[in-house]
Structure formats: structure tokens, C-alpha cells
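File shown: final.pdb (PDB, C-alpha atoms).
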ATOM      1  CA  MET A   1     103.724 119.116 -34.832
ATOM      2  CA  THR A   2     106.788 119.440 -32.600
ATOM      3  CA  THR A   3     109.932 120.974 -34.065
ATOM      4  CA  PHE A   4     113.090 119.282 -32.838
ATOM      5  CA  LYS A   5     116.486 121.002 -32.797
ATOM      6  CA  LYS A   6     119.963 119.815 -31.864
ATOM      7  CA  GLY A   7     120.692 120.268 -28.167
ATOM      8  CA  GLN A   8     117.116 120.120 -26.914
ATOM      9  CA  ARG A   9     116.294 117.681 -24.107
ATOM     10  CA  VAL A  10     113.529 115.154 -24.765
ATOM     11  CA  TRP A  11     111.787 112.362 -22.900
ATOM     12  CA  TRP A  12     111.718 109.119 -24.876
ATOM     13  CA  GLU A  13     108.795 106.902 -24.041
ATOM     14  CA  ASP A  14     110.361 103.694 -25.339
ATOM     15  CA  PRO A  15     107.505 101.334 -26.333
ATOM     16  CA  ASN A  16     109.731  98.378 -25.323
ATOM     17  CA  ASN A  17     110.353  99.975 -21.887
ATOM     18  CA  GLU A  18     114.083  99.327 -22.251
ATOM     19  CA  HIS A  19     115.489 102.830 -22.701
ATOM     20  CA  SER A  20     112.780 105.279 -21.624
ATOM     21  CA  GLY A  21     114.349 108.404 -20.236
ATOM     22  CA  GLU A  22     115.659 111.888 -20.861
ATOM     23  CA  TYR A  23     118.090 112.396 -23.750
ATOM     24  CA  ASP A  24     119.583 115.104 -25.960
ATOM     25  CA  VAL A  25     118.473 115.621 -29.540
ATOM     26  CA  LEU A  26     121.663 114.822 -31.464
ATOM     27  CA  ASP A  27     120.268 115.254 -34.974
ATOM     28  CA  PRO A  28     116.728 116.328 -35.867
ATOM     29  CA  GLN A  29     117.355 115.012 -39.409
ATOM     30  CA  GLY A  30     115.408 117.916 -40.862
ATOM     31  CA  GLU A  31     115.997 117.166 -44.539
ATOM     32  CA  LEU A  32     115.107 113.484 -44.160
ATOM     33  CA  ASN A  33     111.926 114.364 -42.259
ATOM     34  CA  MET A  34     110.765 117.226 -44.464
ATOM     35  CA  GLY A  35     107.070 116.929 -45.246
ATOM     36  CA  LYS A  36     106.578 113.719 -43.273
ATOM     37  CA  PRO A  37     103.848 113.360 -40.639
ATOM     38  CA  GLU A  38     105.015 113.195 -36.996
ATOM     39  CA  ASN A  39     104.606 109.402 -36.751
ATOM     40  CA  GLU A  40     106.998 108.946 -39.709
ATOM     41  CA  ARG A  41     109.685 111.444 -38.687
ATOM     42  CA  ILE A  42     112.854 109.955 -37.158
ATOM     43  CA  ILE A  43     114.942 111.928 -34.637
ATOM     44  CA  ARG A  44     118.411 110.870 -33.468
ATOM     45  CA  ILE A  45     118.657 111.134 -29.678
ATOM     46  CA  GLY A  46     121.175 109.947 -27.131
ATOM     47  CA  ASP A  47     123.696 110.662 -24.442
ATOM     48  CA  THR A  48     127.491 110.491 -24.225
ATOM     49  CA  GLU A  49     127.490 106.693 -24.633
ATOM     50  CA  THR A  50     124.615 105.672 -26.890
ATOM     51  CA  ASN A  51     122.265 107.043 -29.507
ATOM     52  CA  TRP A  52     119.075 105.872 -31.180
ATOM     53  CA  ASP A  53     116.927 106.855 -34.143
ATOM     54  CA  VAL A  54     113.466 107.253 -32.649
ATOM     55  CA  PRO A  55     110.074 108.116 -34.140
ATOM     56  CA  ALA A  56     109.176 111.692 -33.234
ATOM     57  CA  ASP A  57     105.815 110.708 -31.811
ATOM     58  CA  TYR A  58     107.594 108.808 -28.982
ATOM     59  CA  LEU A  59     109.376 112.004 -27.892
ATOM     60  CA  THR A  60     108.244 114.810 -25.613
ATOM     61  CA  LEU A  61     110.215 118.037 -25.287
ATOM     62  CA  VAL A  62     111.554 118.469 -21.760
ATOM     63  CA  PHE A  63     113.836 121.474 -22.385
ATOM     64  CA  PRO A  64     113.171 123.266 -25.697
ATOM     65  CA  ILE A  65     116.337 125.415 -25.770
ATOM     66  CA  SER A  66     118.568 124.242 -28.612
ATOM     67  CA  ASP A  67     122.280 124.676 -29.334
ATOM     68  CA  VAL A  68     121.440 127.439 -31.828
ATOM     69  CA  ASP A  69     119.333 129.166 -29.167
ATOM     70  CA  ARG A  70     122.252 128.966 -26.724
ATOM     71  CA  GLU A  71     124.611 130.465 -29.315
ATOM     72  CA  GLN A  72     122.163 133.305 -29.993
ATOM     73  CA  LEU A  73     121.871 133.975 -26.254
ATOM     74  CA  ALA A  74     125.662 134.120 -25.931
ATOM     75  CA  VAL A  75     125.879 136.626 -28.802
ATOM     76  CA  GLN A  76     123.130 138.753 -27.243
ATOM     77  CA  GLU A  77     124.821 138.594 -23.828
ATOM     78  CA  HIS A  78     128.038 139.902 -25.424
ATOM     79  CA  ARG A  79     126.115 142.728 -27.113
ATOM     80  CA  ASN A  80     124.437 143.580 -23.806
ATOM     81  CA  ARG A  81     127.794 143.773 -22.001
ATOM     82  CA  ILE A  82     129.098 146.180 -24.647
ATOM     83  CA  ARG A  83     125.897 148.268 -24.459
ATOM     84  CA  ASP A  84     126.031 148.354 -20.634
ATOM     85  CA  LYS A  85     129.663 149.462 -20.695
ATOM     86  CA  GLU A  86     128.830 152.240 -23.159
ATOM     87  CA  LEU A  87     125.839 153.402 -21.085
ATOM     88  CA  LEU A  88     127.888 153.591 -17.896
ATOM     89  CA  GLU A  89     130.758 155.365 -19.665
ATOM     90  CA  GLN A  90     128.347 157.937 -21.045
ATOM     91  CA  MET A  91     126.780 158.508 -17.621
ATOM     92  CA  GLN A  92     130.206 158.843 -15.991
ATOM     93  CA  GLU A  93     131.338 161.335 -18.623
ATOM     94  CA  LEU A  94     128.182 163.443 -18.092
ATOM     95  CA  VAL A  95     128.339 163.343 -14.279
ATOM     96  CA  GLY A  96     132.026 164.293 -14.507
ATOM     97  CA  ARG A  97     130.974 167.596 -16.107
ATOM     98  CA  PHE A  98     129.178 168.733 -12.949
ATOM     99  CA  GLU A  99     130.883 170.727 -10.231
ATOM    100  CA  ASP A 100     132.455 168.328  -7.721
ATOM    101  CA  GLN A 101     131.666 165.550 -10.237
ATOM    102  CA  ALA A 102     128.306 165.012  -8.551
ATOM    103  CA  PHE A 103     124.740 165.246  -9.838
ATOM    104  CA  GLU A 104     121.760 165.165  -7.495
ATOM    105  CA  ALA A 105     118.184 165.832  -8.500
ATOM    106  CA  GLU A 106     116.938 168.130  -5.756
ATOM    107  CA  GLY A 107     113.793 166.507  -4.305
ATOM    108  CA  ASP A 108     113.444 163.972  -7.127
ATOM    109  CA  SER A 109     114.303 160.286  -7.277
ATOM    110  CA  VAL A 110     113.554 157.254  -9.414
ATOM    111  CA  ARG A 111     112.628 153.818  -8.087
ATOM    112  CA  ILE A 112     115.069 151.037  -8.965
ATOM    113  CA  ALA A 113     116.358 147.796  -7.464
ATOM    114  CA  ASP A 114     119.743 147.592  -5.788
ATOM    115  CA  GLU A 115     122.352 144.854  -6.238
ATOM    116  CA  ASP A 116     120.325 142.592  -3.907
ATOM    117  CA  HIS A 117     117.104 143.372  -5.821
ATOM    118  CA  ASP A 118     115.779 145.397  -2.874
ATOM    119  CA  ALA A 119     113.589 148.366  -3.783
ATOM    120  CA  CYS A 120     115.201 151.756  -3.400
ATOM    121  CA  CYS A 121     115.353 155.129  -5.105
ATOM    122  CA  VAL A 122     118.294 156.660  -6.914
ATOM    123  CA  TYR A 123     118.496 160.393  -6.367
ATOM    124  CA  GLY A 124     121.937 161.166  -7.754
ATOM    125  CA  PHE A 125     125.305 160.092  -9.063
ATOM    126  CA  ARG A 126     128.895 160.850  -8.165
ATOM    127  CA  VAL A 127     132.296 160.175  -9.720
ATOM    128  CA  ASP A 128     135.045 159.482  -7.218
ATOM    129  CA  GLU A 129     138.526 158.362  -8.252
ATOM    130  CA  ASN A 130     137.235 157.570 -11.750
ATOM    131  CA  VAL A 131     134.419 155.322 -10.437
ATOM    132  CA  LEU A 132     130.758 156.202 -10.988
ATOM    133  CA  TYR A 133     128.505 155.737  -7.955
ATOM    134  CA  ALA A 134     124.733 155.825  -7.552
ATOM    135  CA  LEU A 135     123.251 157.556  -4.516
ATOM    136  CA  LEU A 136     120.480 155.355  -3.149
ATOM    137  CA  ASP A 137     117.702 156.114  -0.683
ATOM    138  CA  TYR A 138     115.621 153.379   0.972
ATOM    139  CA  ASP A 139     112.128 153.525   2.454
ATOM    140  CA  ASP A 140     113.610 152.805   5.910
ATOM    141  CA  GLY A 141     115.706 155.998   5.697
ATOM    142  CA  ARG A 142     119.052 154.398   4.811
ATOM    143  CA  LEU A 143     121.275 156.187   2.317
ATOM    144  CA  ARG A 144     123.903 154.246   0.393
ATOM    145  CA  THR A 145     126.510 154.993  -2.234
ATOM    146  CA  VAL A 146     126.939 152.010  -4.574
ATOM    147  CA  PRO A 147     129.223 151.568  -7.597
ATOM    148  CA  VAL A 148     126.982 151.590 -10.666
ATOM    149  CA  SER A 149     128.870 148.566 -11.981
ATOM    150  CA  ASP A 150     127.054 146.551  -9.258
ATOM    151  CA  LEU A 151     123.631 147.639 -10.524
ATOM    152  CA  CYS A 152     121.553 147.118 -13.660
ATOM    153  CA  ALA A 153     123.023 149.470 -16.271
ATOM    154  CA  VAL A 154     119.861 149.799 -18.354
ATOM    155  CA  GLU A 155     117.678 150.533 -15.320
ATOM    156  CA  LEU A 156     120.236 153.068 -14.044
ATOM    157  CA  PHE A 157     120.540 154.751 -17.414
ATOM    158  CA  ASP A 158     116.743 155.136 -17.575
ATOM    159  CA  ALA A 159     116.781 156.561 -14.029
ATOM    160  CA  PHE A 160     119.639 158.917 -14.914
ATOM    161  CA  GLN A 161     117.785 160.132 -17.983
ATOM    162  CA  SER A 162     114.623 160.730 -15.906
ATOM    163  CA  LEU A 163     116.557 162.656 -13.248
ATOM    164  CA  VAL A 164     118.186 164.815 -15.934
ATOM    165  CA  GLU A 165     114.720 165.575 -17.335
ATOM    166  CA  TYR A 166     113.432 166.550 -13.849
ATOM    167  CA  ALA A 167     116.335 168.949 -13.294
TER
END

Structure rendered as C-alpha cells:
Amino acid sequence: MTTFKKGQRVWWEDPNNEHSGEYDVLDPQGELNMGKPENERIIRIGDTETNWDVPADYLTLVFPISDVDREQLAVQEHRNRIRDKELLEQMQELVGRFEDQAFEAEGDSVRIADEDHDACCVYGFRVDENVLYALLDYDDGRLRTVPVSDLCAVELFDAFQSLVEYA
């Protein structure tokens, strides 16, 4: 049995072939449908102009992400931004303790992806004018210095932690 939630996209196979198409679930009418079999459940669907009460068995989920799911994703995204900021601040504070505000793991590196998702290795970090940079080494011999704010904070933090353990 399909569970319908507000904000999902559904395909309505209209038996009269008048309104078949893709619509939003406007109201899954959960309390009214409680305990009913699928062919007796009624779901309100529609678009910005019109809405219909349609039997659930005429509907197929096209996009199962609901409004509640979107809200939960937004909350998690906010939490992730706060976590990323804290991780980078902690790394910057630790790298700032080193002489010349630079930390390089002699002969060690950790594989990561750069801002373009190209494979590379991070072998160190540097703070310059209050900005934390990652020192990157590529298989083709290129060396780059990239602001950590352009890279994946969680991946960098894991790499930083590994490099600290190697040292």
C-alpha cells in the first residue's frame, strides 16, 4: 500500500482520460483514509488552478519527497553548515599552533577530492592571513594550495585527523 504525503508528485491515470497527468498531493487525508483499503482511500491532488479527490489506486508516485521531507532536509542542511564551520574553525585553531602556522605530514598524505571532484591528496595545511588552506598534490605532479572553505569539510577533517595520527 502506497503512503501519500503532502508535496509528493503523483501521476493520475484518470479513467475518463480527461485529466491524466502529473500533480502534487495537496492532502493525503490520512484520518479519513485510516484503515481503508487502497481502492477506497481518497487523495486530494492538483496544481495551482484545480484540485480533485482521487482514489489512491489511480495514483502512482512520481517523486516521493514530501513537504515534511523537504523541511527535514533543510534542518539537516543547517546543522551540517554549523558542523562544517566548527570543524574548519577547530582545524584552523590547531594548525595555527604550529610554527609558521603550517602543518605538513612528512611523506604522508590522504586521498580526497578537490573542489572540482578531481582526485588528489592532501599532505598539509597552512593558515595565511586568517584563512586555512589545504596543500594538495595530484598524480600528475601538480601542487596546489586551496582554501579549505572550497572543499568538503568532513572529508578534510577526516584527512587532517589521519595526518595528525601519522605524525

Could you give me, as an NGL selection string, the residues within 9 Å of Thr2 in chain A, counting all atoms listed in the file and dropping anything in the same chain fewer than 5 positions from it? :A and (38 or 56-57 or 60-61)

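The environment of Leu135 in chain A within 7 Å, counting all atoms listed in the file and disregarding residues fewer than 5 places along the same chain, consists of A:Val122, A:Tyr123, A:Gly124, A:Phe125, A:Arg144, A:Thr145, A:Val146.
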
What separates CA of Val148 in chain A and CA of Gln101 in chain A is a distance of 14.7 Å

Among A:Asp137, A:Asp128, A:Glu93, A:Glu22, Gly107 in chain A is approached most closely, using only C-alpha atoms, by A:Asp137

Just want the 10 Å neighbourhood of Arg83 in chain A, counted on all atoms listed in the file, with same-chain residues fewer than 6 positions away dropped. Output as a PDB file with C-alpha atoms, in the frame of the given file.
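Resulting contents of around-v4.pdb:
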ATOM      1  CA  GLU A  77     124.821 138.594 -23.828  1.00  0.00           C
ATOM      2  CA  GLU A  89     130.758 155.365 -19.665  1.00  0.00           C
ATOM      3  CA  ALA A 153     123.023 149.470 -16.271  1.00  0.00           C
ATOM      4  CA  VAL A 154     119.861 149.799 -18.354  1.00  0.00           C
TER       5      VAL A 154
END

Which residues are near Trp12 in chain A? Cut-off 12 Å, all atoms listed in the file, ignore same chain within fewer than 6 positions. Put them as a list in words. Glu18, His19, Ser20, Gly21, Glu22, Tyr23, Asp24, Val25, Ile43, Arg44, Ile45, Gly46, Asn51, Trp52, Asp53, Val54, Pro55, Ala56, Asp57, Tyr58, Leu59, Thr60, Leu61 and Val62 of chain A

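The coordinates place CA of Glu155 in chain A at 13.1 Å from CA of Ser109 in chain A.
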
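Closest to Gln90 in chain A among A:Cys152, A:Leu132, A:Ser66, A:Asp47 is A:Leu132, based on all atoms listed in the file.
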
Requested in this report: Place a sphere of radius 6 Å on (115.7, 161.3, -11.0) in the file coordinates and name every protein, DNA or RNA residue with an atom inside or on its surface, counting all atoms listed in the file; give the answer as a ChimeraX atom specification.
Outcome: /A:105,108-110,123,159,162-163

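With all atoms listed in the file as the atoms that count, the minimum distance from Asn130 in chain A to the choices A:Met1, A:Ile82, A:Leu88, A:Val68 is reached by A:Leu88.
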